[in-house]
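Have a look at target31.cif; it's mmCIF, C-alpha atoms and all ligand atoms:
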```cif
data_work
loop_
_atom_site.label_atom_id
_atom_site.label_comp_id
_atom_site.auth_asym_id
_atom_site.auth_seq_id
_atom_site.Cartn_x
_atom_site.Cartn_y
_atom_site.Cartn_z
CA MET U 1 -18.21 27.43 -1.83
CA ARG U 2 -15.19 29.76 -2.03
CA ASP U 3 -12.89 29.32 -4.99
CA ILE U 4 -9.55 28.76 -3.26
CA PRO U 5 -6.64 28.58 -5.67
CA GLY U 6 -3.75 26.28 -4.92
CA ALA U 7 -2.05 22.95 -5.40
CA TRP U 8 -4.71 21.20 -3.32
CA ARG U 9 -6.85 21.07 -6.44
CA ARG U 10 -4.28 18.96 -8.24
CA ALA U 11 -4.16 16.51 -5.34
CA ALA U 12 -7.94 16.24 -5.08
CA GLU U 13 -8.46 16.04 -8.83
CA GLY U 14 -5.61 13.56 -9.22
CA ALA U 15 -7.27 11.27 -6.70
CA GLY U 16 -10.71 11.82 -8.26
CA LEU U 17 -12.02 13.44 -5.07
CA ARG U 18 -13.57 16.63 -6.44
CA ALA U 19 -17.34 16.69 -6.54
CA PRO U 20 -19.14 18.41 -9.46
CA ASP U 21 -19.90 21.41 -7.21
CA GLY U 22 -16.15 21.94 -6.66
CA SER U 23 -16.09 20.62 -3.09
CA THR U 24 -13.68 17.88 -2.04
CA THR U 25 -14.84 14.50 -0.78
CA PRO U 26 -12.90 12.46 1.80
CA THR U 27 -10.85 9.45 0.68
CA ILE U 28 -12.79 6.27 0.09
CA PHE U 29 -11.18 4.77 3.21
CA ALA U 30 -12.32 7.63 5.43
CA GLU U 31 -15.79 7.59 3.87
CA MET U 32 -16.25 3.85 4.31
CA SER U 33 -14.86 3.76 7.87
CA ALA U 34 -17.27 6.57 8.79
CA LEU U 35 -20.11 4.58 7.20
CA ALA U 36 -19.13 1.50 9.25
CA ALA U 37 -19.03 3.57 12.46
CA ARG U 38 -22.41 5.15 11.69
CA THR U 39 -24.19 1.91 10.85
CA GLY U 40 -22.38 -0.49 13.19
CA ALA U 41 -21.45 -2.63 10.18
CA ILE U 42 -18.36 -4.86 10.21
CA ASN U 43 -15.58 -2.83 8.62
CA LEU U 44 -13.84 -4.91 5.96
CA GLY U 45 -13.09 -1.66 4.11
CA GLN U 46 -10.08 0.28 5.36
CA GLY U 47 -7.11 -2.03 5.81
CA PHE U 48 -6.22 -2.07 9.49
CA PRO U 49 -6.02 -5.01 11.90
CA ASP U 50 -8.42 -5.33 14.84
CA GLU U 51 -5.82 -6.97 17.09
CA ASP U 52 -2.63 -5.66 18.63
CA GLY U 53 0.73 -6.69 17.26
CA PRO U 54 3.64 -8.21 19.20
CA ALA U 55 3.75 -7.32 22.92
CA GLU U 56 7.54 -6.71 22.81
CA VAL U 57 7.01 -3.95 20.26
CA LEU U 58 4.17 -2.28 22.16
CA ASP U 59 6.10 -2.52 25.45
CA ALA U 60 9.17 -0.98 23.85
CA ALA U 61 7.15 2.10 22.82
CA ARG U 62 5.72 2.47 26.34
CA GLU U 63 9.20 2.15 27.80
CA ALA U 64 10.60 4.70 25.39
CA ILE U 65 7.97 7.25 26.43
CA GLY U 66 8.71 6.50 30.09
CA ALA U 67 12.44 6.89 29.43
CA GLY U 68 11.97 10.36 27.95
CA VAL U 69 12.33 9.55 24.25
CA ASN U 70 9.86 12.32 23.45
CA GLN U 71 11.79 15.02 21.60
CA TYR U 72 12.77 15.37 17.93
CA PRO U 73 14.70 12.38 16.71
CA PRO U 74 17.53 12.94 14.17
CA GLY U 75 16.37 13.92 10.66
CA ARG U 76 17.11 10.54 9.10
CA GLY U 77 15.73 8.55 12.04
CA ILE U 78 17.40 7.23 15.20
CA ALA U 79 20.55 5.19 14.56
CA GLU U 80 19.06 2.09 16.26
CA LEU U 81 16.16 1.98 13.79
CA ARG U 82 18.30 2.72 10.73
CA GLU U 83 20.64 -0.08 11.79
CA ALA U 84 17.69 -2.45 12.33
CA ILE U 85 16.34 -1.60 8.85
CA ALA U 86 19.76 -2.25 7.27
CA ALA U 87 20.06 -5.54 9.20
CA HIS U 88 16.53 -6.53 8.11
CA GLN U 89 17.38 -5.93 4.44
CA GLN U 90 20.49 -8.09 4.90
CA ARG U 91 18.73 -10.88 6.81
CA PHE U 92 15.73 -11.26 4.50
CA TYR U 93 17.08 -10.13 1.11
CA GLY U 94 20.88 -10.29 1.27
CA LEU U 95 21.25 -6.54 0.63
CA HIS U 96 24.26 -4.90 2.28
CA LEU U 97 23.34 -1.37 3.33
CA ASP U 98 25.12 1.39 5.19
CA ALA U 99 22.68 2.54 7.88
CA ASP U 100 24.06 6.09 7.72
CA ARG U 101 23.91 6.59 3.94
CA HIS U 102 21.29 4.21 2.52
CA VAL U 103 18.39 4.44 4.97
CA LEU U 104 15.80 7.13 5.72
CA VAL U 105 13.00 6.85 8.30
CA THR U 106 9.75 8.56 7.25
CA ALA U 107 6.23 9.28 8.50
CA GLY U 108 4.82 6.06 7.10
CA ALA U 109 5.23 4.74 3.59
CA THR U 110 2.89 7.56 2.56
CA GLU U 111 5.46 10.25 3.31
CA ALA U 112 8.25 8.18 1.77
CA LEU U 113 6.23 7.96 -1.46
CA ALA U 114 5.31 11.63 -1.43
CA ALA U 115 8.84 12.87 -0.67
CA THR U 116 10.32 10.52 -3.29
CA LEU U 117 7.98 11.59 -6.09
CA LEU U 118 8.26 15.27 -5.21
CA ALA U 119 12.04 14.87 -5.19
CA LEU U 120 12.27 13.06 -8.54
CA VAL U 121 9.71 14.84 -10.72
CA ASP U 122 11.26 17.68 -12.64
CA GLY U 123 8.46 19.06 -14.76
CA PRO U 124 5.08 18.51 -16.40
CA ASP U 125 6.53 16.28 -19.13
CA ASP U 126 7.69 13.72 -16.59
CA GLU U 127 5.64 10.54 -16.46
CA ILE U 128 5.20 8.08 -13.63
CA VAL U 129 4.11 4.60 -14.72
CA VAL U 130 1.74 2.93 -12.24
CA PHE U 131 -0.15 -0.34 -12.25
CA GLU U 132 -3.90 0.25 -12.16
CA PRO U 133 -5.87 -0.22 -9.92
CA TYR U 134 -3.52 1.68 -7.58
CA TYR U 135 -3.36 2.85 -3.98
CA ASP U 136 -5.14 6.20 -3.76
CA SER U 137 -2.23 8.38 -2.64
CA TYR U 138 -0.25 7.64 -5.81
CA ALA U 139 -2.49 9.65 -8.12
CA ALA U 140 -2.77 12.52 -5.64
CA VAL U 141 0.99 12.82 -5.13
CA ILE U 142 1.86 12.42 -8.81
CA ALA U 143 -0.58 15.24 -9.56
CA LEU U 144 0.80 17.34 -6.71
CA ALA U 145 4.31 16.85 -8.08
CA GLY U 146 3.01 18.06 -11.44
CA ALA U 147 3.79 14.85 -13.35
CA ARG U 148 1.57 12.68 -15.55
CA LEU U 149 0.32 9.29 -14.34
CA VAL U 150 0.58 6.58 -17.00
CA PRO U 151 -1.51 3.56 -15.96
CA VAL U 152 -0.82 -0.06 -16.91
CA PRO U 153 -3.92 -2.19 -16.33
CA LEU U 154 -4.02 -5.29 -14.14
CA ARG U 155 -6.94 -7.52 -15.05
CA ALA U 156 -8.82 -10.26 -13.25
CA PRO U 157 -8.41 -13.08 -12.57
CA GLY U 158 -4.60 -13.03 -12.12
CA PHE U 159 -3.94 -9.27 -12.03
CA GLN U 160 -0.49 -9.71 -13.66
CA PRO U 161 0.43 -7.01 -16.19
CA ASP U 162 0.57 -7.70 -19.91
CA LEU U 163 4.29 -7.23 -20.56
CA ASP U 164 3.72 -5.66 -23.99
CA GLU U 165 1.36 -3.11 -22.46
CA LEU U 166 3.94 -2.45 -19.76
CA ALA U 167 6.69 -1.94 -22.35
CA ALA U 168 4.46 0.40 -24.36
CA ALA U 169 3.81 2.54 -21.27
CA VAL U 170 7.49 3.11 -20.46
CA SER U 171 9.39 5.65 -22.56
CA ASP U 172 12.19 8.20 -22.27
CA ARG U 173 9.61 10.48 -20.61
CA THR U 174 9.23 7.98 -17.76
CA ARG U 175 10.83 9.43 -14.66
CA ALA U 176 9.90 6.46 -12.47
CA ILE U 177 7.97 3.22 -12.49
CA LEU U 178 6.08 2.87 -9.23
CA VAL U 179 5.67 -0.78 -8.27
CA ASN U 180 3.48 -1.94 -5.40
CA ASP U 181 4.25 -5.62 -4.69
CA PRO U 182 2.40 -7.34 -2.99
CA HIS U 183 -0.29 -5.24 -4.56
CA ASN U 184 -3.11 -3.26 -2.97
CA PRO U 185 -5.99 -3.69 -3.84
CA THR U 186 -5.67 -6.90 -5.91
CA GLY U 187 -3.39 -8.99 -3.65
CA ALA U 188 -1.24 -9.84 -6.70
CA VAL U 189 2.41 -10.76 -6.26
CA PHE U 190 4.26 -10.05 -9.47
CA ASP U 191 5.99 -12.96 -11.19
CA ALA U 192 9.68 -13.20 -12.07
CA ALA U 193 9.10 -12.26 -15.74
CA THR U 194 7.37 -9.05 -14.66
CA ARG U 195 10.15 -8.18 -12.23
CA GLU U 196 12.83 -8.73 -14.86
CA THR U 197 10.90 -6.71 -17.44
CA LEU U 198 10.52 -3.83 -14.99
CA VAL U 199 14.26 -3.65 -14.39
CA ALA U 200 15.09 -4.00 -18.11
CA LEU U 201 12.64 -1.23 -19.05
CA ALA U 202 13.96 1.07 -16.33
CA GLU U 203 17.50 0.51 -17.60
CA ARG U 204 16.55 0.99 -21.25
CA HIS U 205 14.78 4.30 -20.56
CA ASP U 206 16.96 5.47 -17.69
CA ALA U 207 14.00 5.57 -15.30
CA PHE U 208 13.95 5.12 -11.53
CA LEU U 209 12.13 2.25 -9.86
CA VAL U 210 10.15 3.24 -6.79
CA THR U 211 8.78 0.28 -4.88
CA ASP U 212 6.01 0.13 -2.30
CA GLU U 213 6.61 -3.03 -0.28
CA VAL U 214 4.46 -2.37 2.78
CA TYR U 215 3.05 -5.94 2.50
CA GLU U 216 6.51 -7.53 2.12
CA HIS U 217 5.95 -9.96 5.01
CA LEU U 218 2.37 -10.81 4.04
CA VAL U 219 3.09 -13.09 1.08
CA PHE U 220 1.31 -16.45 1.12
CA ALA U 221 3.55 -18.60 -1.08
CA GLY U 222 7.27 -18.18 -1.26
CA PRO U 223 9.50 -15.34 -0.22
CA HIS U 224 8.99 -11.73 -1.25
CA VAL U 225 11.54 -10.61 -3.86
CA PRO U 226 12.40 -6.89 -3.73
CA LEU U 227 13.17 -5.35 -7.13
CA ALA U 228 16.35 -3.87 -5.60
CA THR U 229 17.83 -7.38 -5.39
CA LEU U 230 17.68 -7.96 -9.17
CA PRO U 231 20.93 -7.53 -11.12
CA GLY U 232 21.39 -3.92 -12.18
CA ALA U 233 18.44 -2.64 -10.14
CA TRP U 234 19.97 -1.26 -6.94
CA ASP U 235 21.45 1.90 -8.50
CA ARG U 236 18.09 3.15 -9.74
CA THR U 237 15.72 1.83 -7.06
CA ILE U 238 14.13 3.49 -4.05
CA SER U 239 12.57 0.76 -1.90
CA ILE U 240 9.80 1.82 0.47
CA SER U 241 8.19 -0.04 3.34
CA SER U 242 6.61 0.57 6.71
CA ALA U 243 5.94 -0.92 10.13
CA GLY U 244 2.16 -0.53 9.99
CA LYS U 245 1.23 -3.82 8.34
CA THR U 246 4.06 -6.04 9.53
CA PHE U 247 3.59 -5.19 13.23
CA SER U 248 -0.14 -4.27 13.20
CA VAL U 249 0.59 -0.65 14.17
CA THR U 250 -0.97 1.27 11.28
CA GLY U 251 -1.52 4.31 13.53
CA TRP U 252 2.17 4.71 14.39
CA LYS U 253 3.14 5.88 10.91
CA ILE U 254 6.73 4.74 10.95
CA GLY U 255 7.98 4.01 7.44
CA TRP U 256 11.32 3.99 5.68
CA LEU U 257 13.10 3.89 2.39
CA THR U 258 16.39 2.35 1.34
CA ALA U 259 18.33 3.52 -1.73
CA PRO U 260 21.76 4.58 -3.00
CA ALA U 261 23.19 7.51 -1.01
CA ASP U 262 22.59 10.20 -3.65
CA LEU U 263 18.93 9.22 -3.99
CA VAL U 264 18.46 9.20 -0.21
CA ASP U 265 20.03 12.68 -0.07
CA ALA U 266 17.64 13.93 -2.74
CA VAL U 267 14.60 12.61 -0.86
CA VAL U 268 15.89 14.01 2.44
CA ALA U 269 15.99 17.46 0.83
CA VAL U 270 12.19 17.27 0.45
CA LYS U 271 11.26 15.14 3.45
CA GLN U 272 12.91 17.49 5.94
CA TYR U 273 10.38 20.17 4.97
CA LEU U 274 7.33 17.91 4.97
CA THR U 275 7.38 16.43 8.48
CA TYR U 276 11.08 16.94 9.32
CA VAL U 277 10.79 13.93 11.69
CA ASN U 278 8.13 11.91 13.52
CA GLY U 279 7.32 9.26 16.09
CA ALA U 280 10.38 9.39 18.39
CA PRO U 281 9.25 6.72 20.91
CA PHE U 282 7.92 4.45 18.16
CA GLN U 283 11.26 4.32 16.39
CA PRO U 284 13.12 2.13 18.95
CA ALA U 285 9.98 -0.02 19.22
CA VAL U 286 9.93 -0.68 15.48
CA ALA U 287 13.67 -1.45 15.64
CA GLN U 288 12.80 -4.12 18.21
CA GLY U 289 10.14 -5.49 15.87
CA LEU U 290 12.50 -5.70 12.91
CA ARG U 291 14.88 -7.79 15.04
CA LEU U 292 12.20 -10.37 15.98
CA PRO U 293 12.98 -13.98 15.01
CA ARG U 294 11.91 -15.30 11.62
CA THR U 295 9.13 -17.31 13.27
CA PHE U 296 7.29 -14.07 14.04
CA PHE U 297 7.24 -13.05 10.37
CA ALA U 298 6.29 -16.55 9.18
CA GLU U 299 3.44 -16.75 11.69
CA ALA U 300 2.08 -13.36 10.62
CA ALA U 301 1.89 -14.58 7.01
CA ASP U 302 0.36 -17.93 8.07
CA ARG U 303 -2.29 -16.23 10.17
CA LEU U 304 -3.27 -13.91 7.35
CA ARG U 305 -3.32 -16.80 4.84
CA ARG U 306 -5.78 -18.61 7.08
CA ARG U 307 -7.91 -15.47 7.30
CA ARG U 308 -7.76 -15.02 3.54
CA ASP U 309 -9.13 -18.56 3.23
CA LEU U 310 -11.89 -17.90 5.76
CA LEU U 311 -12.93 -14.70 4.02
CA GLY U 312 -12.68 -16.29 0.56
CA ALA U 313 -14.93 -19.18 1.61
CA GLY U 314 -17.47 -16.74 3.06
CA LEU U 315 -17.49 -14.62 -0.09
CA ARG U 316 -17.90 -17.65 -2.35
CA ALA U 317 -20.73 -19.00 -0.21
CA ALA U 318 -22.41 -15.59 -0.50
CA GLY U 319 -22.31 -15.85 -4.30
CA PHE U 320 -19.31 -13.68 -5.19
CA ASP U 321 -16.61 -14.72 -7.66
CA VAL U 322 -13.39 -14.55 -5.66
CA PHE U 323 -9.91 -13.80 -7.03
CA GLU U 324 -7.62 -15.45 -4.51
CA PRO U 325 -4.80 -13.09 -3.51
CA ALA U 326 -1.15 -14.21 -3.21
CA GLY U 327 -0.34 -11.54 -0.62
CA SER U 328 -1.50 -8.34 1.16
CA TYR U 329 -4.42 -7.69 3.48
CA PHE U 330 -6.99 -7.81 0.68
CA THR U 331 -9.26 -10.01 -1.44
CA VAL U 332 -11.02 -8.78 -4.57
CA ALA U 333 -14.43 -10.25 -5.32
CA ASP U 334 -16.81 -9.78 -8.24
CA ALA U 335 -20.41 -9.05 -7.29
CA GLU U 336 -21.66 -9.52 -10.85
CA PRO U 337 -23.11 -13.02 -10.06
CA LEU U 338 -25.24 -11.25 -7.43
CA GLY U 339 -26.62 -8.98 -10.13
CA VAL U 340 -24.44 -6.00 -9.17
CA ARG U 341 -23.36 -3.64 -11.97
CA ASP U 342 -22.20 -0.69 -9.87
CA ALA U 343 -19.97 -1.73 -6.98
CA ALA U 344 -19.57 1.87 -5.77
CA ALA U 345 -23.33 2.18 -5.23
CA PHE U 346 -23.50 -1.38 -3.88
CA CYS U 347 -20.77 -0.62 -1.26
CA ARG U 348 -22.84 2.30 -0.01
CA GLU U 349 -25.87 -0.02 0.38
CA LEU U 350 -23.99 -3.02 1.77
CA PRO U 351 -24.12 -1.93 5.46
CA GLU U 352 -27.91 -1.79 5.19
CA LEU U 353 -28.19 -4.97 3.11
CA ALA U 354 -25.77 -7.13 5.06
CA GLY U 355 -24.07 -5.18 7.86
CA VAL U 356 -20.66 -5.25 6.15
CA VAL U 357 -18.46 -2.53 4.65
CA ALA U 358 -16.18 -3.07 1.61
CA ILE U 359 -14.37 -0.76 -0.83
CA PRO U 360 -15.32 -0.49 -4.53
CA LEU U 361 -12.35 -1.04 -6.85
CA THR U 362 -13.37 1.98 -8.91
CA ALA U 363 -11.77 4.08 -6.12
CA PHE U 364 -8.37 2.78 -7.26
CA ALA U 365 -8.69 3.70 -10.93
CA THR U 366 -8.48 6.86 -13.03
CA PRO U 367 -12.00 8.12 -13.73
CA ALA U 368 -11.78 7.15 -17.43
CA HIS U 369 -11.03 3.51 -16.52
CA ARG U 370 -13.52 3.00 -13.72
CA GLY U 371 -15.88 1.08 -15.99
CA ASP U 372 -13.33 -1.75 -16.15
CA TYR U 373 -13.74 -2.41 -12.42
CA ALA U 374 -17.45 -1.65 -12.14
CA SER U 375 -18.61 -4.80 -10.32
CA LEU U 376 -15.48 -5.47 -8.21
CA LEU U 377 -15.12 -4.98 -4.44
CA ARG U 378 -12.14 -5.15 -2.09
CA PHE U 379 -12.55 -6.87 1.28
CA ALA U 380 -9.94 -6.72 4.07
CA ALA U 381 -8.96 -10.07 5.63
CA CYS U 382 -6.82 -8.56 8.42
CA LYS U 383 -9.55 -9.12 11.05
CA ARG U 384 -10.10 -11.61 13.87
CA ASP U 385 -11.44 -15.05 12.90
CA ASP U 386 -14.72 -14.48 14.75
CA VAL U 387 -15.22 -11.16 12.94
CA LEU U 388 -14.61 -12.80 9.55
CA ALA U 389 -16.99 -15.62 10.48
CA GLU U 390 -19.70 -13.14 11.47
CA ALA U 391 -19.12 -11.11 8.27
CA SER U 392 -19.44 -14.32 6.23
CA ALA U 393 -22.71 -15.21 7.97
CA ARG U 394 -24.06 -11.74 7.25
CA LEU U 395 -22.94 -11.79 3.61
CA ALA U 396 -24.65 -15.17 3.15
CA THR U 397 -27.95 -13.32 3.40
CA LEU U 398 -27.12 -11.51 0.13
CA ASP U 399 -27.59 -14.69 -1.80
CA ARG U 400 -31.14 -14.83 -0.52
CA ILE U 401 -31.66 -11.20 -1.51
CA SER U 402 -30.52 -11.76 -5.09
CA ALA U 403 -32.40 -15.08 -5.27
CA GLY U 404 -35.53 -13.37 -4.01
N1 LIG W 501 1.06 1.75 0.29
C1 LIG W 501 0.11 0.82 0.27
C2 LIG W 501 0.02 -0.11 -0.88
C3 LIG W 501 -0.81 0.75 1.32
O1 LIG W 501 -1.77 -0.17 1.30
C4 LIG W 501 -0.71 1.67 2.38
C5 LIG W 501 -1.73 1.65 3.47
N2 LIG W 501 -1.28 1.01 4.49
C6 LIG W 501 0.32 2.59 2.37
C7 LIG W 501 1.18 2.61 1.30
C8 LIG W 501 0.52 3.59 3.47
O2 LIG W 501 1.37 3.10 4.44
P1 LIG W 501 1.65 3.95 5.76
O3 LIG W 501 0.47 3.80 6.65
O4 LIG W 501 2.89 3.35 6.32
O5 LIG W 501 1.84 5.37 5.35
N1 LIG W 502 -3.81 1.33 3.33
C1 LIG W 502 -5.15 1.29 3.81
C2 LIG W 502 -6.04 0.58 2.79
O1 LIG W 502 -5.69 0.41 1.65
C3 LIG W 502 -5.80 2.63 4.04
C4 LIG W 502 -5.00 3.75 4.54
C5 LIG W 502 -5.80 5.02 4.47
O2 LIG W 502 -6.89 5.09 5.00
N2 LIG W 502 -5.29 5.98 3.77
O3 LIG W 502 -7.12 0.23 3.18
#
```
Before anything else, please render the file you have as structure tokens.
Amino acid sequence: MRDIPGAWRRAAEGAGLRAPDGSTTPTIFAEMSALAARTGAINLGQGFPDEDGPAEVLDAAREAIGAGVNQYPPGRGIAELREAIAAHQQRFYGLHLDADRHVLVTAGATEALAATLLALVDGPDDEIVVFEPYYDSYAAVIALAGARLVPVPLRAPGFQPDLDELAAAVSDRTRAILVNDPHNPTGAVFDAATRETLVALAERHDAFLVTDEVYEHLVFAGPHVPLATLPGAWDRTISISSAGKTFSVTGWKIGWLTAPADLVDAVVAVKQYLTYVNGAPFQPAVAQGLRLPRTFFAEAADRLRRRRDLLGAGLRAAGFDVFEPAGSYFTVADAEPLGVRDAAAFCRELPELAGVVAIPLTAFATPAHRGDYASLLRFAACKRDDVLAEASARLATLDRISAG
């Protein structure tokens, strides 16, 4: 294999994707979806729904294409979508935003995260504090930006941080604390004490708060509380979300961030040279989605709660220990009672053993900490009821395997 110099190495190494021979492996999501396609197994790995979202939203995109909305949109996103995002923040969270100064439309939450971290990191001494296990792009982008990732562990069963460990991780070197709530992969929703500590620590050390709230409408008990709504937080917070999960359009890649005007300007300076813009006809469609009545959002959370319960029951019946999530698409289960010590190897065998694909939690941890998550798996609940029922029936055969 050729030795190609470049920043790509930092991204691949940061995400733990470099093989010993120097080659780069695909992300765990790509690998596991390919495995599901190859084996015909039910894919409870990569988090994407197997049903379409609201018809109004899909129709609006078709109409926009028909109406010629097919050229570059404005750099910050079309005004209709920026206004819908501002109105959404007001309706659900009581935040008053100026759609022209406080809102930026991005190519998914992924680009918002990348542009934000690239914009904020100033040198190799900068640290980004992240809860571990963490979504895979965080480590790659932090490494690409040339900063250091400082992990704070979340442990089963509750996956809430230890506040002393959190305080010890944040220092004057901390450029930003990156907070994913509701949390992928654990499904944790952080409690009020954690939220308040995060804001206090950011203030004490003059750090930014960068939030990843892509599961904001998929919370099972009680409303989602954005960090930006806490006293003193707005000025130092960049809040990120996306349409993918809320409207079941993960392939559209329409995301956004909201923040004070100077922070938006700083992120725009980077974002305009990453994608410049994206998804013209999807932007008015997502605006339509954000204006849907509250019942739509409540029903989406109710449906997913029911599916979480279906999946949880199936996993328990199959012999897993299940850590019930409070939000997100995902449920973490421990395969230790089935005699599993290495979930990464087990996930690669699971299609053969039971016709189901899951993701090992080790994929969300820095290599040095993977041992802490060795027997844990993440299953996606964002699938049709009949698919979850069939997956449960298939997983039930595992119990017989371990018993025999
Ligand atoms: N953050 C988290 C926590 C996610 O689970 C995902 C995957 N959907 C993303 C960001 C990426 O979102 P998008 O597809 O909008 O880029
Ligand atoms: N967010 C999705 C998940 O956690 C995956 C997105 C991706 O494949 N990068 O499953």
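The space separating CA of Leu17 in chain U from CA of Leu117 in chain U comes to 20.1 Å.
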Name the residues in contact with Ala243 in chain U at a cut-off of 9 Å, using all atoms listed in the file, excluding same-chain residues fewer than 6 positions from it; report them as a PDB file with C-alpha atoms, keeping the file's coordinate frame.
```
ATOM      1  CA  GLY U 108       4.820   6.060   7.100  1.00  0.00           C
ATOM      2  CA  ALA U 109       5.230   4.740   3.590  1.00  0.00           C
ATOM      3  CA  VAL U 214       4.460  -2.370   2.780  1.00  0.00           C
ATOM      4  CA  VAL U 249       0.590  -0.650  14.170  1.00  0.00           C
ATOM      5  CA  THR U 250      -0.970   1.270  11.280  1.00  0.00           C
ATOM      6  CA  TRP U 252       2.170   4.710  14.390  1.00  0.00           C
ATOM      7  CA  LYS U 253       3.140   5.880  10.910  1.00  0.00           C
ATOM      8  CA  ILE U 254       6.730   4.740  10.950  1.00  0.00           C
ATOM      9  CA  GLY U 255       7.980   4.010   7.440  1.00  0.00           C
ATOM     10  CA  TRP U 256      11.320   3.990   5.680  1.00  0.00           C
ATOM     11  CA  VAL U 286       9.930  -0.680  15.480  1.00  0.00           C
ATOM     12  CA  GLY U 289      10.140  -5.490  15.870  1.00  0.00           C
ATOM     13  CA  LEU U 290      12.500  -5.700  12.910  1.00  0.00           C
TER      14      LEU U 290
END
```
Of the listed residues U:Lys383, U:Arg175, U:Arg394, U:His217, that which approaches Gly244 in chain U most closely, counting only C-alpha atoms: U:His217
Neighbourhood of ligand LIG 502 (chain W) at 8 Å, counting only C-alpha atoms and all ligand atoms, reported as a list of chain:residue names: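 For ligand LIG 502 (chain W), the residues inside 8 Å are U:Thr27, U:Ile28, U:Phe29, U:Ala30, U:Gly45, U:Gln46, U:Gly47, U:Phe48, U:Tyr135, U:Asp136, U:Ser137, U:Asn184, U:Pro185, U:Ala380.
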Gap from CA of Gln160 in chain U to CA of Thr186 in chain U - Å, one decimal: 9.7 Å
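Distance annotation: of U:Val210, U:Cys347, U:Val199, U:Ala147, the residue with the minimal separation from ligand LIG 501 (chain W) is U:Val210; atom set is all atoms listed in the file.
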Shortest interatomic distance to His183 in chain U - which of U:Val105, U:Leu201, U:Ala326, U:Leu97, counting only C-alpha atoms: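 Smallest separation from His183 in chain U among the options: U:Ala326.
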Atomic separation - CA of Asp50 in chain U relative to atom C3 of ligand LIG 501 (chain W), Å: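 Pair atom C3 of ligand LIG 501 (chain W) / CA of Asp50 in chain U returns 16.7 Å.
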Nearest residue to Leu104 in chain U from the set U:Glu165, U:Asp342, U:Asp372, U:Asp265 (distances using only C-alpha atoms): U:Asp265
Nearest to Thr275 in chain U, chosen from U:Ala87, U:Val357, U:Ala107, U:Ala368, with only C-alpha atoms counted in the distances: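 Nearest to Thr275 in chain U: U:Ala107.
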With 5 Å of padding per side, what axis-aligned box (centre and edge lengths, Å, one decimal) covers all the listed atoms of ligand LIG 501 (chain W)? Give it as AutoDock Vina command-line options.
```
--center_x 0.6 --center_y 2.6 --center_z 2.9 --size_x 14.7 --size_y 15.5 --size_z 17.5
```
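Among the candidates U:Ala143, U:Leu149, U:Val179, U:Ala280, the one nearest to ligand LIG 501 (chain W) when counting all atoms listed in the file is U:Val179.
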Ala259 in chain U environment, 10 Å, only C-alpha atoms, sequence neighbours closer than 5 positions dropped, as a ChimeraX atom specification: /U:97-98,101-104,210,228,234-240,264-265,267
Residues within 10 Å of Leu44 in chain U, all atoms listed in the file, excluding chain neighbours under 4 positions, as an MDAnalysis selection string: chainID U and resid 32:33 36 48:49 330 356:359 378:383 387:388 391
Point (12.9, -5.7, 11.5) neighbourhood (7 Å, only C-alpha atoms) written as a list of chain:residue names: U:Ala84, U:Ile85, U:His88, U:Ala287, U:Gln288, U:Gly289, U:Leu290, U:Arg291, U:Leu292
Shell around Val121 in chain U at 12 Å using all atoms listed in the file, local window under 6 positions removed, as a PyMOL selection string: chain U and resi 114-115+127-128+141-149+173-177+207-208+266-267+270
